[in-house]
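*Asks:* Below you'll find model_17.cif; it's mmCIF, C-alpha atoms.
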data_structure
#
loop_
_atom_site.label_atom_id
_atom_site.label_comp_id
_atom_site.auth_asym_id
_atom_site.auth_seq_id
_atom_site.Cartn_x
_atom_site.Cartn_y
_atom_site.Cartn_z
CA MET E 1 109.87 84.86 57.34
CA GLY E 2 106.57 86.51 56.52
CA MET E 3 104.73 84.25 58.97
CA MET E 4 107.14 85.27 61.75
CA VAL E 5 106.54 88.95 61.10
CA ILE E 6 102.76 88.42 61.10
CA ALA E 7 102.99 86.41 64.36
CA MET E 8 105.05 89.17 66.01
CA LEU E 9 102.61 91.85 64.90
CA MET E 10 99.68 89.79 66.20
CA GLY E 11 101.46 89.49 69.56
CA VAL E 12 101.89 93.26 69.78
CA VAL E 13 98.24 93.84 68.84
CA LEU E 14 97.02 91.34 71.44
CA LEU E 15 99.14 92.94 74.16
CA ALA E 16 97.80 96.39 73.29
CA PHE E 17 94.22 95.08 73.19
CA GLY E 18 94.68 93.46 76.61
CA GLY E 19 95.74 96.83 78.03
CA VAL E 20 92.61 98.47 76.61
CA LEU E 21 90.43 95.73 78.12
CA ASN E 22 92.07 96.21 81.52
CA HIS E 23 91.41 99.96 81.33
CA VAL E 24 87.74 99.43 80.40
CA THR E 25 87.28 96.83 83.16
CA LEU E 26 88.81 99.19 85.70
CA GLU E 27 86.63 102.14 84.61
CA ASN E 28 83.46 100.01 84.72
CA GLU E 29 84.23 98.71 88.20
CA ALA E 30 85.06 102.20 89.52
CA TYR E 31 81.72 103.56 88.28
CA SER E 32 79.84 100.52 89.63
CA MET E 33 81.47 100.98 93.02
CA LYS E 34 80.58 104.68 92.99
CA ARG E 35 76.92 103.81 92.30
CA TYR E 36 76.89 101.22 95.11
CA LEU E 37 78.43 103.71 97.53
CA GLU E 38 75.85 106.35 96.57
CA TYR E 39 73.11 103.79 97.13
CA ALA E 40 74.51 102.91 100.59
CA ARG E 41 74.78 106.60 101.50
CA ASP E 42 71.25 107.35 100.33
CA TYR E 43 69.84 104.26 102.08
CA ALA E 44 71.41 105.40 105.36
CA GLY E 45 69.79 108.83 105.02
CA THR E 46 66.39 107.59 103.88
CA TYR E 47 65.95 104.90 106.52
CA GLN E 48 68.00 106.63 109.25
CA VAL E 49 70.21 103.60 109.88
CA LYS E 50 73.93 103.03 109.88
CA VAL E 51 74.99 101.18 106.70
CA MET E 52 78.26 99.27 106.38
CA PHE E 53 80.19 98.90 103.15
CA GLN E 54 82.03 95.61 103.62
CA LEU E 55 84.58 93.74 101.57
CA THR E 56 84.06 90.07 100.84
CA PRO E 57 86.60 87.61 99.40
CA SER E 58 85.07 88.04 95.94
CA GLY E 59 83.75 91.61 95.98
CA TYR E 60 81.79 93.84 98.36
CA GLU E 61 78.36 94.19 99.94
CA ILE E 62 76.15 96.74 101.66
CA LEU E 63 74.75 95.83 105.08
CA PRO E 64 72.33 98.03 107.04
CA GLU E 65 72.71 97.82 110.79
CA GLY E 66 70.57 94.98 112.11
CA GLY E 67 69.41 93.90 108.66
CA ALA E 68 70.19 91.63 105.74
CA SER E 69 72.44 92.55 102.82
CA ILE E 70 70.85 95.10 100.46
CA GLY E 71 73.50 94.88 97.75
CA HIS E 72 76.35 92.62 96.74
CA ARG E 73 78.75 92.89 93.83
CA LEU E 74 81.27 90.35 92.61
CA LEU E 75 84.47 91.75 91.14
CA PRO E 76 86.11 90.22 88.06
CA LYS E 77 89.09 88.05 89.03
CA SER E 78 91.45 90.53 87.37
CA VAL E 79 90.37 93.40 89.67
CA VAL E 80 92.00 93.79 93.07
CA MET E 81 90.41 96.06 95.68
CA LEU E 82 92.24 97.63 98.58
CA ALA E 83 89.97 99.03 101.29
CA LYS E 84 88.72 98.65 104.83
CA PRO E 85 85.05 98.29 105.83
CA PHE E 86 83.37 101.57 106.82
CA TYR E 87 79.93 102.94 107.70
CA PHE E 88 77.63 105.59 106.31
CA THR E 89 75.68 107.24 109.11
CA PRO E 90 72.10 108.57 108.87
CA ASN E 91 73.39 112.13 108.38
CA LEU E 92 74.75 110.93 105.00
CA THR E 93 78.44 111.12 105.89
CA PRO E 94 80.84 108.21 106.19
CA SER E 95 82.34 107.25 109.54
CA THR E 96 85.75 108.34 108.22
CA GLY E 97 87.27 109.68 105.02
CA VAL E 98 87.66 106.74 102.68
CA THR E 99 89.72 106.01 99.60
CA LEU E 100 88.96 102.71 97.88
CA THR E 101 91.54 101.57 95.35
CA LEU E 102 90.74 99.27 92.44
CA ALA E 103 93.65 97.83 90.45
CA VAL E 104 94.10 95.75 87.33
CA GLY E 105 97.75 94.98 86.74
CA PRO E 106 99.71 98.24 86.90
CA ARG E 107 96.63 100.45 86.42
CA SER E 108 94.56 101.70 89.32
CA LYS E 109 91.56 103.93 90.05
CA LYS E 110 90.54 105.44 93.35
CA VAL E 111 86.98 105.98 94.55
CA VAL E 112 87.06 108.70 97.21
CA VAL E 113 84.38 109.44 99.82
CA ASP E 114 84.64 112.92 101.39
CA PRO E 115 84.05 112.65 105.17
CA SER E 116 82.54 116.11 105.57
CA THR E 117 80.01 116.06 102.71
CA GLY E 118 79.60 112.38 101.84
CA ARG E 119 80.34 113.28 98.20
CA ILE E 120 81.70 110.33 96.20
CA ARG E 121 84.05 110.83 93.27
CA ILE E 122 86.42 108.86 91.08
CA ALA E 123 90.03 110.01 91.09
CA PRO E 124 92.67 109.00 88.51
#
Would you mind writing the file out in structure tokens?

*Replies:*
Amino acid sequence: MGMMVIAMLMGVVLLAFGGVLNHVTLENEAYSMKRYLEYARDYAGTYQVKVMFQLTPSGYEILPEGGASIGHRLLPKSVVMLAKPFYFTPNLTPSTGVTLTLAVGPRSKKVVVDPSTGRIRIAP
């Protein structure tokens, strides 16, 4: 009987720990994506070229117009990203307003790019 109780408690602890790991993974990926987006925006302004933020089957990459990839990030298998490719223009603003959604199980985080200012923020 005691072994059953211990096994049940261990199951509850492992489920709770898995939820914490998902939350940490999601937070880390949201901040990494924000940094990559800021890099793409700044690259577009510095070199006066259009820069595309493109999804790949395993993550995303940054491609300047007419050039090779300047950044690529693989996402953990548990993270799902919902987004469309878009461009940063040399005036530091994106081609459109963009909301990128990262999800791990039922949790999600949004990385939002303001079309008028180019400001990038993480929303709950």

*Asks:* Residues picked by the PyMOL selection byres ((chain E and resi 61) around 10) here, as a PyMOL selection string?

*Replies:* chain E and resi 36-37+40+52-56+58-60+62-63+69-74+85

*Asks:* Go through E:Ser32, E:Val104, E:Val113, E:Lys77 one by one, measure the shortest atom-to-atom distance of each to Pro57 of chain E using only C-alpha atoms, and give the residue with the smallest value.

*Replies:* E:Lys77

*Asks:* Which residue, E:Leu75, E:Met33, E:Val51, E:Ala123, has the smallest gap to Ser108 of chain E when you use only C-alpha atoms?

*Replies:*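 Counting only C-alpha atoms, the residue closest to Ser108 of chain E is E:Ala123.
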
*Asks:* Tell me which residues come within 8 Å of (85.8, 108.8, 91.2), as a list in words, counting only C-alpha atoms in the file's coordinates.

*Replies:*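 Those within range, by chain then number, are Ala30, Tyr31, Lys34, Lys109, Lys110, Val111, Val112, Ile120, Arg121, Ile122, Ala123 and Pro124 of chain E.
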
*Asks:* Point out the residue among E:Leu102, E:Gln48, E:Ser116, E:Gly66 with the least atom-to-atom distance to Thr89 of chain E, counting only C-alpha atoms.

*Replies:* E:Gln48

*Asks:* Compare E:Glu29, E:His23, E:Arg41, E:Val80 by their minimum atom-to-atom distance to Ala103 of chain E, counting only C-alpha atoms, and give me the closest one.

*Replies:*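 The closest residue to Ala103 of chain E is E:Val80.
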
*Asks:* One decimal, in Å: what's the spacing between atom CA of Tyr47 of chain E and atom CA of Pro115 of chain E?

*Replies:* 19.7 Å

*Asks:* Could you check how far atom CA of Arg107 of chain E sits from atom CA of Ile6 of chain E, in Å to one decimal?

*Replies:*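 Distance between the two atoms: 28.7 Å.
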
*Asks:* Please indicate the distance in Å from atom CA of Arg119 of chain E to atom CA of Gly45 of chain E, rounded to one decimal place.

*Replies:*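 About the pair atom CA of Arg119 of chain E and atom CA of Gly45 of chain E: they are 13.3 Å apart.
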
*Asks:* Can you work out which one of E:Gly105, E:Gly118, E:Gly2, E:Pro64 has the shortest atom-to-atom distance to Thr25 of chain E, counting only C-alpha atoms?

*Replies:*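 Going through E:Gly105, E:Gly118, E:Gly2, E:Pro64 one by one, the smallest distance to Thr25 of chain E is for E:Gly105.
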